[in-house]
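With TSV, C-alpha atoms inside, this is query_5.tsv:
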```
chain	number	residue	atom	x	y	z
A	1	MET	CA	12.26	-38.42	13.08
A	2	SER	CA	12.79	-35.36	15.21
A	3	TRP	CA	12.40	-35.53	18.96
A	4	VAL	CA	10.89	-32.02	18.86
A	5	GLU	CA	7.23	-32.18	19.83
A	6	GLY	CA	4.94	-31.37	16.90
A	7	ALA	CA	7.63	-31.62	14.23
A	8	ALA	CA	6.78	-35.13	13.00
A	9	GLY	CA	4.44	-34.92	10.03
A	10	SER	CA	4.86	-31.17	9.80
A	11	PRO	CA	5.95	-29.51	6.52
A	12	TYR	CA	8.61	-27.93	8.76
A	13	ASP	CA	10.20	-31.17	9.96
A	14	VAL	CA	13.93	-31.87	9.60
A	15	HIS	CA	13.55	-32.40	5.83
A	16	ASN	CA	12.91	-28.64	5.52
A	17	LEU	CA	14.72	-26.49	8.14
A	18	PRO	CA	14.33	-23.03	6.59
A	19	TYR	CA	16.51	-20.20	7.87
A	20	GLY	CA	15.21	-16.91	9.19
A	21	VAL	CA	16.11	-14.01	11.48
A	22	PHE	CA	14.00	-13.19	14.52
A	23	VAL	CA	13.73	-10.96	17.55
A	24	ARG	CA	12.25	-12.25	20.77
A	25	GLY	CA	9.73	-10.23	22.72
A	26	ASP	CA	10.97	-6.71	23.40
A	27	GLU	CA	14.60	-7.57	22.66
A	28	ALA	CA	16.40	-5.55	20.01
A	29	VAL	CA	18.89	-8.32	19.20
A	30	ARG	CA	18.41	-10.06	15.85
A	31	ARG	CA	19.20	-13.77	15.87
A	32	ILE	CA	19.52	-16.36	13.12
A	33	GLY	CA	17.31	-19.41	13.55
A	34	VAL	CA	15.82	-22.38	11.73
A	35	ARG	CA	12.20	-23.38	11.91
A	36	ILE	CA	11.30	-26.84	13.24
A	37	GLY	CA	7.56	-27.42	13.54
A	38	ASP	CA	6.12	-24.37	15.26
A	39	LEU	CA	9.38	-23.55	17.02
A	40	VAL	CA	12.55	-21.70	16.12
A	41	LEU	CA	15.95	-23.13	16.98
A	42	ASP	CA	18.17	-20.24	18.09
A	43	LEU	CA	21.36	-20.77	16.05
A	44	ASP	CA	23.03	-17.77	17.68
A	45	GLY	CA	22.69	-19.56	21.01
A	46	ALA	CA	23.67	-22.90	19.51
A	47	GLU	CA	26.93	-21.55	18.12
A	48	ALA	CA	27.65	-19.64	21.34
A	49	ALA	CA	27.24	-22.94	23.23
A	50	GLY	CA	29.60	-24.77	20.89
A	51	LEU	CA	26.87	-27.00	19.50
A	52	ILE	CA	27.47	-25.78	15.92
A	53	LEU	CA	30.67	-24.48	14.36
A	54	ALA	CA	30.34	-21.82	11.65
A	55	GLY	CA	33.15	-19.41	12.46
A	56	GLY	CA	30.77	-17.07	14.23
A	57	ALA	CA	28.64	-16.54	11.09
A	58	LEU	CA	25.50	-17.80	12.84
A	59	ARG	CA	25.94	-15.16	15.52
A	60	GLU	CA	25.46	-12.33	13.03
A	61	PRO	CA	22.20	-10.33	12.75
A	62	SER	CA	21.59	-11.48	9.15
A	63	LEU	CA	22.29	-14.53	6.98
A	64	ASN	CA	24.73	-12.78	4.64
A	65	GLU	CA	28.00	-13.85	6.29
A	66	PHE	CA	26.85	-17.44	6.67
A	67	MET	CA	25.62	-17.61	3.07
A	68	ALA	CA	28.97	-16.32	1.82
A	69	LEU	CA	30.72	-19.38	3.31
A	70	GLY	CA	29.61	-21.52	0.40
A	71	HIS	CA	27.93	-24.83	-0.31
A	72	ALA	CA	30.21	-27.10	1.70
A	73	GLN	CA	29.65	-25.10	4.88
A	74	TRP	CA	25.90	-24.88	4.24
A	75	GLY	CA	25.78	-28.67	3.98
A	76	ALA	CA	27.88	-29.26	7.09
A	77	VAL	CA	25.75	-26.95	9.22
A	78	ARG	CA	22.52	-28.47	7.90
A	79	GLN	CA	23.78	-31.97	8.74
A	80	ARG	CA	24.71	-30.84	12.23
A	81	ILE	CA	21.29	-29.23	12.80
A	82	VAL	CA	19.62	-32.49	11.75
A	83	GLU	CA	21.78	-34.37	14.27
A	84	LEU	CA	20.89	-31.96	17.04
A	85	LEU	CA	17.18	-32.26	16.34
A	86	THR	CA	16.99	-36.03	15.83
A	87	GLU	CA	19.46	-37.60	18.26
A	88	PRO	CA	17.96	-37.82	21.76
A	89	ALA	CA	21.39	-37.37	23.34
A	90	HIS	CA	21.29	-33.68	22.30
A	91	ARG	CA	17.83	-32.99	23.69
A	92	ALA	CA	18.92	-31.57	27.04
A	93	ALA	CA	21.33	-29.09	25.44
A	94	VAL	CA	19.10	-28.07	22.53
A	95	ALA	CA	15.63	-27.87	24.13
A	96	PRO	CA	16.36	-24.56	25.95
A	97	LEU	CA	17.25	-23.01	22.57
A	98	LEU	CA	13.84	-23.75	21.04
A	99	VAL	CA	11.56	-20.71	21.01
A	100	PRO	CA	7.81	-20.81	20.16
A	101	LEU	CA	6.95	-18.92	16.99
A	102	ALA	CA	4.29	-17.04	18.94
A	103	GLU	CA	7.04	-15.39	21.01
A	104	VAL	CA	9.12	-14.05	18.11
A	105	THR	CA	8.89	-11.45	15.38
A	106	MET	CA	10.43	-12.38	12.05
A	107	VAL	CA	12.50	-9.70	10.28
A	108	LEU	CA	14.18	-9.45	6.89
A	109	PRO	CA	16.43	-12.54	6.86
A	110	PHE	CA	19.28	-11.08	4.81
A	111	GLU	CA	20.58	-7.73	3.68
A	112	VAL	CA	19.50	-7.45	0.06
A	113	GLY	CA	22.38	-6.53	-2.23
A	114	ASP	CA	21.06	-6.26	-5.77
A	115	TYR	CA	17.56	-7.22	-6.87
A	116	VAL	CA	16.65	-8.49	-10.34
A	117	ASP	CA	13.17	-9.43	-11.52
A	118	PHE	CA	12.71	-11.77	-14.47
A	119	TYR	CA	9.73	-12.39	-16.73
A	120	SER	CA	9.89	-16.13	-17.24
A	121	SER	CA	6.34	-17.49	-17.52
A	122	GLU	CA	5.25	-17.81	-21.13
A	123	GLN	CA	1.60	-17.81	-20.05
A	124	HIS	CA	1.99	-14.62	-18.01
A	125	ALA	CA	4.01	-12.81	-20.68
A	126	SER	CA	1.46	-13.78	-23.33
A	127	ASN	CA	-1.48	-12.64	-21.20
A	128	VAL	CA	0.14	-9.30	-20.40
A	129	GLY	CA	1.03	-8.77	-24.05
A	130	ARG	CA	-2.58	-9.33	-25.07
A	131	ILE	CA	-3.87	-6.95	-22.38
A	132	PHE	CA	-1.29	-4.17	-22.81
A	133	ARG	CA	-0.69	-4.47	-26.57
A	134	PRO	CA	-3.93	-5.64	-28.21
A	135	GLY	CA	-3.54	-6.31	-31.89
A	136	GLU	CA	0.21	-6.93	-31.57
A	137	PRO	CA	2.04	-10.27	-31.08
A	138	PRO	CA	1.79	-11.11	-27.36
A	139	LEU	CA	5.46	-12.13	-27.12
A	140	LEU	CA	8.20	-9.86	-28.41
A	141	PRO	CA	10.78	-11.44	-30.77
A	142	ASN	CA	13.50	-11.80	-28.12
A	143	TRP	CA	11.35	-13.50	-25.45
A	144	LYS	CA	12.20	-17.12	-26.31
A	145	HIS	CA	15.88	-16.41	-26.85
A	146	LEU	CA	16.87	-15.00	-23.45
A	147	PRO	CA	15.40	-14.58	-19.95
A	148	ILE	CA	13.92	-11.07	-19.97
A	149	GLY	CA	14.50	-9.12	-16.74
A	150	TYR	CA	15.21	-5.75	-15.18
A	151	HIS	CA	17.11	-4.44	-12.18
A	152	GLY	CA	14.74	-3.54	-9.34
A	153	ARG	CA	15.17	-1.56	-6.14
A	154	ALA	CA	16.80	-3.53	-3.31
A	155	GLY	CA	16.00	-0.85	-0.73
A	156	THR	CA	12.26	-1.47	-0.94
A	157	VAL	CA	12.40	-5.24	-0.43
A	158	VAL	CA	10.50	-5.84	2.82
A	159	VAL	CA	9.63	-8.83	4.98
A	160	SER	CA	6.19	-10.43	4.98
A	161	GLY	CA	3.69	-8.54	7.13
A	162	THR	CA	5.03	-5.08	6.32
A	163	PRO	CA	2.13	-2.77	5.34
A	164	ILE	CA	2.14	-1.74	1.68
A	165	VAL	CA	1.45	1.97	1.13
A	166	ARG	CA	-0.47	2.64	-2.07
A	167	PRO	CA	2.01	4.29	-4.44
A	168	CYS	CA	1.55	7.57	-6.28
A	169	GLY	CA	2.78	8.50	-9.72
A	170	GLN	CA	1.74	9.47	-13.23
A	171	ARG	CA	-0.96	7.64	-15.13
A	172	SER	CA	-2.45	8.26	-18.55
A	173	THR	CA	-5.97	9.59	-19.06
A	174	PRO	CA	-7.83	10.69	-22.20
A	175	ASP	CA	-7.07	14.27	-21.17
A	176	GLY	CA	-3.37	13.66	-20.67
A	177	PRO	CA	-1.21	12.43	-17.77
A	178	VAL	CA	-2.27	13.08	-14.18
A	179	TYR	CA	-0.53	12.56	-10.84
A	180	GLY	CA	-2.07	10.70	-7.91
A	181	PRO	CA	-2.49	7.35	-6.14
A	182	SER	CA	-2.47	4.23	-8.28
A	183	ILE	CA	-5.99	2.97	-8.98
A	184	ARG	CA	-4.90	-0.35	-10.52
A	185	LEU	CA	-2.74	-1.78	-7.75
A	186	ASP	CA	-1.81	-5.42	-8.28
A	187	ILE	CA	0.30	-8.33	-7.07
A	188	GLU	CA	2.80	-10.61	-8.76
A	189	ALA	CA	3.12	-14.06	-7.21
A	190	GLU	CA	6.75	-15.07	-7.68
A	191	VAL	CA	9.59	-17.19	-6.33
A	192	GLY	CA	12.84	-15.53	-5.27
A	193	PHE	CA	16.32	-17.06	-5.36
A	194	VAL	CA	18.86	-15.89	-2.79
A	195	VAL	CA	22.52	-15.84	-3.81
A	196	GLY	CA	25.01	-16.99	-1.19
A	197	LEU	CA	28.42	-17.46	-2.79
A	198	PRO	CA	29.85	-14.23	-4.28
A	199	SER	CA	31.43	-14.14	-7.72
A	200	ALA	CA	34.24	-11.96	-9.00
A	201	LEU	CA	33.68	-9.16	-11.48
A	202	ALA	CA	33.77	-10.52	-15.06
A	203	ASP	CA	33.33	-14.12	-13.84
A	204	ARG	CA	30.32	-15.83	-15.36
A	205	VAL	CA	28.21	-18.33	-13.42
A	206	PRO	CA	27.48	-21.24	-15.78
A	207	VAL	CA	24.18	-23.10	-15.56
A	208	GLU	CA	25.82	-26.16	-14.03
A	209	GLN	CA	27.07	-24.14	-11.05
A	210	PHE	CA	23.66	-22.83	-10.01
A	211	ALA	CA	23.59	-24.88	-6.78
A	212	GLU	CA	27.07	-23.69	-5.81
A	213	TYR	CA	25.95	-20.07	-5.78
A	214	VAL	CA	22.27	-20.08	-4.78
A	215	PHE	CA	21.64	-20.61	-1.07
A	216	GLY	CA	17.88	-20.94	-1.06
A	217	VAL	CA	14.39	-19.88	-2.06
A	218	VAL	CA	11.82	-17.38	-0.75
A	219	LEU	CA	8.29	-16.57	-1.78
A	220	LEU	CA	7.98	-13.11	-3.28
A	221	ASN	CA	5.22	-10.63	-4.09
A	222	ASP	CA	6.37	-7.92	-6.47
A	223	TRP	CA	3.55	-5.43	-5.93
A	224	SER	CA	2.73	-3.60	-9.16
A	225	ALA	CA	0.91	-0.37	-10.03
A	226	ARG	CA	-0.46	-1.31	-13.44
A	227	ASP	CA	-1.65	2.18	-14.39
A	228	LEU	CA	1.77	3.67	-13.62
A	229	GLN	CA	3.44	0.75	-15.40
A	230	ASN	CA	1.34	1.00	-18.56
A	231	TRP	CA	2.19	4.71	-18.99
A	232	GLU	CA	5.92	4.44	-18.31
A	233	TYR	CA	7.13	1.00	-19.45
A	234	ARG	CA	7.85	1.78	-23.10
A	235	PRO	CA	10.58	2.19	-24.22
A	236	LEU	CA	12.73	1.29	-21.17
A	237	GLY	CA	10.53	-0.99	-19.08
A	238	PRO	CA	9.27	-0.96	-15.46
A	239	PHE	CA	10.19	1.90	-13.12
A	240	LEU	CA	7.89	3.54	-10.53
A	241	GLY	CA	5.17	0.98	-11.16
A	242	LYS	CA	7.37	-1.69	-9.56
A	243	SER	CA	9.93	-0.01	-7.31
A	244	PHE	CA	7.76	1.01	-4.34
A	245	ALA	CA	7.63	-2.40	-2.57
A	246	THR	CA	8.57	-6.05	-2.97
A	247	SER	CA	7.61	-8.43	-0.15
A	248	ILE	CA	9.43	-11.68	0.64
A	249	SER	CA	8.68	-14.51	3.03
A	250	PRO	CA	10.71	-14.54	6.27
A	251	TRP	CA	11.96	-18.10	5.74
A	252	VAL	CA	14.73	-18.98	3.27
A	253	VAL	CA	14.28	-22.61	2.27
A	254	PRO	CA	17.69	-24.16	1.47
A	255	LEU	CA	18.10	-25.74	-1.96
A	256	ASP	CA	18.96	-29.01	-0.20
A	257	ALA	CA	15.40	-29.09	1.18
A	258	LEU	CA	14.08	-29.05	-2.40
A	259	ALA	CA	16.08	-32.03	-3.66
A	260	HIS	CA	12.87	-33.99	-4.40
A	261	ALA	CA	11.13	-31.10	-6.16
A	262	TRP	CA	13.11	-30.97	-9.43
A	263	VAL	CA	11.12	-31.95	-12.53
A	264	PRO	CA	11.64	-31.60	-16.30
A	265	ALA	CA	11.09	-28.02	-17.43
A	266	PRO	CA	9.08	-27.14	-20.55
A	267	GLU	CA	10.76	-27.81	-23.87
A	268	GLN	CA	12.38	-24.70	-25.31
A	269	ASP	CA	11.80	-23.98	-28.97
A	270	PRO	CA	13.78	-22.54	-30.70
A	271	PRO	CA	16.89	-24.06	-29.08
A	272	VAL	CA	18.69	-21.66	-26.78
A	273	LEU	CA	22.26	-20.48	-27.20
A	274	ASP	CA	25.06	-22.59	-25.71
A	275	TYR	CA	25.53	-20.61	-22.49
A	276	LEU	CA	21.85	-21.16	-21.60
A	277	ARG	CA	21.75	-24.90	-22.23
A	278	ASP	CA	21.15	-26.74	-18.97
A	279	ASP	CA	21.32	-30.52	-19.11
A	280	PRO	CA	19.25	-31.84	-17.52
A	281	HIS	CA	16.74	-29.05	-18.17
A	282	LEU	CA	14.98	-28.91	-14.81
A	283	GLY	CA	12.54	-26.66	-13.00
A	284	LEU	CA	11.02	-26.80	-9.53
A	285	ASP	CA	7.63	-28.35	-8.81
A	286	LEU	CA	6.42	-25.59	-6.48
A	287	ARG	CA	2.69	-25.20	-5.97
A	288	LEU	CA	1.70	-21.65	-5.10
A	289	ALA	CA	-1.61	-20.43	-3.71
A	290	VAL	CA	-2.94	-16.85	-3.63
A	291	ASP	CA	-5.53	-15.76	-1.06
A	292	TRP	CA	-7.28	-12.37	-1.40
A	293	ASN	CA	-8.98	-11.28	1.84
A	294	GLY	CA	-9.15	-14.94	2.83
A	295	SER	CA	-10.55	-16.15	-0.51
A	296	ARG	CA	-8.45	-18.61	-2.52
A	297	VAL	CA	-8.38	-17.02	-5.97
A	298	SER	CA	-5.51	-18.77	-7.74
A	299	GLU	CA	-3.05	-21.67	-7.55
A	300	PRO	CA	-0.12	-20.91	-9.89
A	301	PRO	CA	2.12	-23.87	-10.88
A	302	PHE	CA	5.83	-23.01	-10.88
A	303	ALA	CA	6.82	-26.19	-12.77
A	304	GLY	CA	5.62	-24.64	-16.04
A	305	MET	CA	8.05	-21.69	-16.03
A	306	TYR	CA	9.74	-21.42	-19.44
A	307	TRP	CA	13.11	-20.18	-18.16
A	308	THR	CA	14.76	-22.08	-15.30
A	309	PRO	CA	16.49	-20.58	-12.23
A	310	ALA	CA	19.86	-21.83	-13.51
A	311	GLN	CA	19.35	-20.14	-16.88
A	312	GLN	CA	18.33	-16.91	-15.17
A	313	LEU	CA	21.53	-16.79	-13.10
A	314	ALA	CA	23.67	-17.68	-16.12
A	315	HIS	CA	22.13	-14.89	-18.15
A	316	LEU	CA	22.36	-12.40	-15.28
A	317	THR	CA	26.15	-12.88	-15.15
A	318	VAL	CA	27.04	-13.64	-18.79
A	319	ASN	CA	28.07	-10.02	-19.41
A	320	GLY	CA	30.51	-10.13	-16.48
A	321	ALA	CA	28.16	-8.77	-13.80
A	322	SER	CA	29.12	-10.09	-10.38
A	323	VAL	CA	26.83	-11.42	-7.67
A	324	ARG	CA	27.15	-10.94	-3.91
A	325	ALA	CA	25.89	-12.72	-0.83
A	326	GLY	CA	22.37	-11.44	-0.37
A	327	ASP	CA	21.63	-10.72	-4.02
A	328	LEU	CA	18.05	-11.63	-4.86
A	329	TYR	CA	16.58	-12.52	-8.21
A	330	ALA	CA	12.93	-13.28	-8.81
A	331	SER	CA	11.32	-15.65	-11.26
A	332	GLY	CA	8.74	-13.25	-12.59
A	333	THR	CA	5.01	-13.78	-12.19
A	334	VAL	CA	4.03	-17.45	-12.06
A	335	SER	CA	1.00	-18.18	-14.25
A	336	GLY	CA	-0.47	-21.38	-15.62
A	337	GLN	CA	-2.75	-22.14	-18.54
A	338	ARG	CA	-6.06	-21.61	-16.69
A	339	ARG	CA	-7.55	-18.41	-15.30
A	340	ASP	CA	-7.47	-19.89	-11.77
A	341	GLN	CA	-3.71	-20.45	-12.14
A	342	VAL	CA	-2.59	-16.89	-12.87
A	343	GLY	CA	-0.27	-14.97	-10.57
A	344	SER	CA	-1.59	-11.44	-11.03
A	345	PHE	CA	-4.94	-9.73	-10.68
A	346	LEU	CA	-4.31	-8.03	-14.03
A	347	GLU	CA	-4.79	-11.47	-15.58
A	348	LEU	CA	-7.43	-12.66	-13.11
A	349	SER	CA	-9.72	-9.73	-13.97
A	350	TRP	CA	-8.42	-9.53	-17.56
A	351	GLY	CA	-7.25	-5.97	-17.32
A	352	GLY	CA	-10.11	-4.96	-15.03
A	353	SER	CA	-12.84	-5.94	-17.52
A	354	GLU	CA	-14.00	-9.06	-15.64
A	355	PRO	CA	-14.52	-8.42	-11.89
A	356	LEU	CA	-14.37	-11.40	-9.56
A	357	THR	CA	-16.47	-12.04	-6.47
A	358	LEU	CA	-14.70	-12.96	-3.22
A	359	SER	CA	-16.12	-15.30	-0.62
A	360	ASP	CA	-17.48	-12.39	1.45
A	361	GLY	CA	-19.60	-11.26	-1.51
A	362	THR	CA	-17.49	-8.23	-2.43
A	363	THR	CA	-16.24	-7.76	-5.97
A	364	ARG	CA	-12.76	-6.74	-7.06
A	365	THR	CA	-10.68	-6.02	-10.12
A	366	PHE	CA	-7.60	-4.54	-8.44
A	367	LEU	CA	-6.56	-4.00	-4.82
A	368	GLU	CA	-8.47	-1.65	-2.55
A	369	ASP	CA	-7.19	-0.08	0.68
A	370	GLY	CA	-7.43	-2.56	3.53
A	371	ASP	CA	-7.13	-5.62	1.26
A	372	THR	CA	-4.76	-8.38	2.37
A	373	VAL	CA	-3.01	-10.80	0.02
A	374	THR	CA	-1.21	-13.93	1.21
A	375	ILE	CA	0.89	-16.21	-1.00
A	376	THR	CA	1.88	-19.67	0.20
A	377	ALA	CA	3.57	-22.62	-1.48
A	378	THR	CA	4.62	-26.22	-0.99
A	379	ALA	CA	7.03	-28.54	-2.76
A	380	PRO	CA	7.32	-32.34	-2.80
A	381	GLY	CA	9.64	-33.69	-0.12
A	382	PRO	CA	10.99	-37.14	0.75
A	383	ASN	CA	8.47	-39.99	1.00
A	384	GLY	CA	5.68	-37.74	-0.18
A	385	ARG	CA	6.05	-35.30	2.71
A	386	PRO	CA	5.50	-31.67	1.66
A	387	VAL	CA	8.04	-28.91	2.16
A	388	ALA	CA	6.42	-25.60	3.10
A	389	LEU	CA	7.88	-22.33	1.83
A	390	GLY	CA	6.20	-20.24	4.50
A	391	GLU	CA	4.07	-17.33	3.38
A	392	VAL	CA	4.37	-13.78	2.18
A	393	THR	CA	1.53	-11.46	3.14
A	394	GLY	CA	0.81	-7.75	2.90
A	395	THR	CA	-2.06	-5.36	3.56
A	396	ILE	CA	-2.69	-2.24	1.50
A	397	THR	CA	-2.77	1.08	3.36
A	398	PRO	CA	-3.87	4.44	1.87
A	399	ALA	CA	-1.53	6.61	-0.16
A	400	ARG	CA	0.35	9.30	1.75
```
Can you give me the file's structure in the form of structure tokens?
Amino acid sequence: MSWVEGAAGSPYDVHNLPYGVFVRGDEAVRRIGVRIGDLVLDLDGAEAAGLILAGGALREPSLNEFMALGHAQWGAVRQRIVELLTEPAHRAAVAPLLVPLAEVTMVLPFEVGDYVDFYSSEQHASNVGRIFRPGEPPLLPNWKHLPIGYHGRAGTVVVSGTPIVRPCGQRSTPDGPVYGPSIRLDIEAEVGFVVGLPSALADRVPVEQFAEYVFGVVLLNDWSARDLQNWEYRPLGPFLGKSFATSISPWVVPLDALAHAWVPAPEQDPPVLDYLRDDPHLGLDLRLAVDWNGSRVSEPPFAGMYWTPAQQLAHLTVNGASVRAGDLYASGTVSGQRRDQVGSFLELSWGGSEPLTLSDGTTRTFLEDGDTVTITATAPGPNGRPVALGEVTGTITPAR
């Protein structure tokens, strides 16, 4: 039990302790912290005071240097933070370093190196195939043999709360292509995995070393312009329809906080190739929720993802590609079997043909200017206590 007031019973108690980077008030200094209840423990101040030893990595303006230290150091620092927040003897030294969330602004927690987006929900891939390619098989022949993905644009990954400007580009019309703002702007509710330990060029990361390389998890919204995407994606895949913005939650939940959330992943048939075989074959029991202008419209279940995070990392590096501290790879849209479990509005409105009514009485197919989308998630923690993954939110502003 933490001695911090309000932490007990919170999904941000000491069984969670997500990392983030914040600025306080009008200060320009970025500081690393961990969330405990509705407070942030200033780890910059804690290391400066000698309460935590991390070689100065916690005094940096982003998590990259700390994440590069590797799993043993992550575990040692986490254990020390738990001691500081649970042992009453540390209260006098630590209490002045606790800052109310209301007094801080959260910023991007790490410098994004490379960004890869996968396509790992069989339900989502099948739905999109039926919508985009009617009359053709919904899954392409390679889909169940390897985790499909593409390299995205790291420079447009932004922290939750950043306004999303409606993108412009080409879209197809019966009279030929036209240029202008997207009129089928969408979301993709995803989970992002943040790499900590770097690898050397030509070194592969096998499935069994996933936890040695991946520092933690963020929620992710890969905003998508479906009209731009549908015109451009064949033969080479997503481009301008995806690259304009990707939002992530400000809190990076360490893998150690998700120790109780691993569950058997869906059976894979046909059997995968040797380098993709993970034994045990496990996924994460994360329960996402999507709110559109305050209306709960979907609750996607991450446990049903066909390809696991370990398989994704193994495939990403099997050709010799290296990873760096701060690399981010996303799961792909999380969708379940039911319509109220899908992770995109493309699926929710079935390509725009089935409008939905929000709680305020308005109807929608795709996003309109001024709309706000918030994605949250929880995972099972020890003794039935939930682990919160924070939230990722964004509001659409008009095209420029």
What would the list of residues within 7 Å of (26.7, -14.5, 16.4) (file frame) look like as number ranges by chain, if all atoms listed in the file are what count?
A: 44, 56-60
Written file, previous selection with C-alpha atoms, as a CSV table (one decimal), in the coordinates of the input:
```
chain,number,residue,atom,x,y,z
A,44,ASP,CA,23.0,-17.8,17.7
A,56,GLY,CA,30.8,-17.1,14.2
A,57,ALA,CA,28.6,-16.5,11.1
A,58,LEU,CA,25.5,-17.8,12.8
A,59,ARG,CA,25.9,-15.2,15.5
A,60,GLU,CA,25.5,-12.3,13.0
```
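Of the residues under consideration (A:Met67, A:Leu139, A:Val14, A:Leu220), A:Val14 shows the shortest atom-to-atom contact distance to Met1 in chain A when counting only C-alpha atoms.
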Find the residue from A:Phe132, A:Arg31, A:Gly336, A:Leu39 that sits nearest to Arg234 in chain A; use all atoms listed in the file when measuring.
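Closest residue, counting all atoms listed in the file: A:Phe132.
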Selection near Gly6 in chain A, 12 Å with all atoms listed in the file, sequence-local residues under 5 positions removed, as a PyMOL selection string:
chain A and resi 1+11-14+35-39+100
Selected residues written out, C-alpha atoms, as an mmCIF file, in the frame of the given file:
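New file result00.cif:
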```
data_model
loop_
_atom_site.group_PDB
_atom_site.id
_atom_site.type_symbol
_atom_site.label_atom_id
_atom_site.label_comp_id
_atom_site.auth_asym_id
_atom_site.auth_seq_id
_atom_site.Cartn_x
_atom_site.Cartn_y
_atom_site.Cartn_z
ATOM 1 C CA MET A 1 12.260 -38.420 13.080
ATOM 2 C CA PRO A 11 5.950 -29.510 6.520
ATOM 3 C CA TYR A 12 8.610 -27.930 8.760
ATOM 4 C CA ASP A 13 10.200 -31.170 9.960
ATOM 5 C CA VAL A 14 13.930 -31.870 9.600
ATOM 6 C CA ARG A 35 12.200 -23.380 11.910
ATOM 7 C CA ILE A 36 11.300 -26.840 13.240
ATOM 8 C CA GLY A 37 7.560 -27.420 13.540
ATOM 9 C CA ASP A 38 6.120 -24.370 15.260
ATOM 10 C CA LEU A 39 9.380 -23.550 17.020
ATOM 11 C CA PRO A 100 7.810 -20.810 20.160
#
```
Can you tell me, as a ChimeraX atom specification, which residues sit within 6 Å of (-0.4, -13.5, -5.8) in the file's frame, using all atoms listed in the file?
/A:187-189,290,343-344,375
Nearest to Arg277 in chain A by atom-to-atom distance, counting only C-alpha atoms, from A:Pro382, A:Pro301, A:Pro138, A:Pro206:
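Closest residue, counting only C-alpha atoms: A:Pro206.
Nearest to Pro398 in chain A of all the residues A:Pro250, A:Pro386, A:Gly180, A:Pro271 is A:Gly180, based on only C-alpha atoms.
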Separation of CA of Ile32 in chain A and CA of Asp256 in chain A, in Å?
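Result for CA of Ile32 in chain A versus CA of Asp256 in chain A: 18.4 Å, one decimal.
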Might you pull out every residue within 7 Å of Ser224 in chain A, with all atoms listed in the file counted and same-chain residues fewer than 3 positions away left off, and present them as a PyMOL selection string?
chain A and resi 185-187+241-242
Close residues, range 83-94 of chain A itself excluded, 7 Å, all atoms listed in the file, min 5 positions apart in chain, as number ranges by chain
A: 1-4
What is the distance between CA of Gly216 in chain A and CA of Trp307 in chain A, in Å to one decimal?
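CA of Trp307 in chain A lies 17.8 Å from CA of Gly216 in chain A.
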Mind checking which residues fall within 12 Å of Asp274 in chain A, counting only C-alpha atoms, ignoring those fewer than 2 positions away in the same chain, and posting them as a VMD selection string?
chain A and resid 145 to 146 206 to 207 271 to 272 276 to 279 311 314 to 315 318
Minimum-distance residue to Arg324 in chain A, chosen among A:Pro137, A:Pro355, A:Gly113, A:Gly50 (using only C-alpha atoms)
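Of all the options, A:Gly113 lies closest to Arg324 in chain A.
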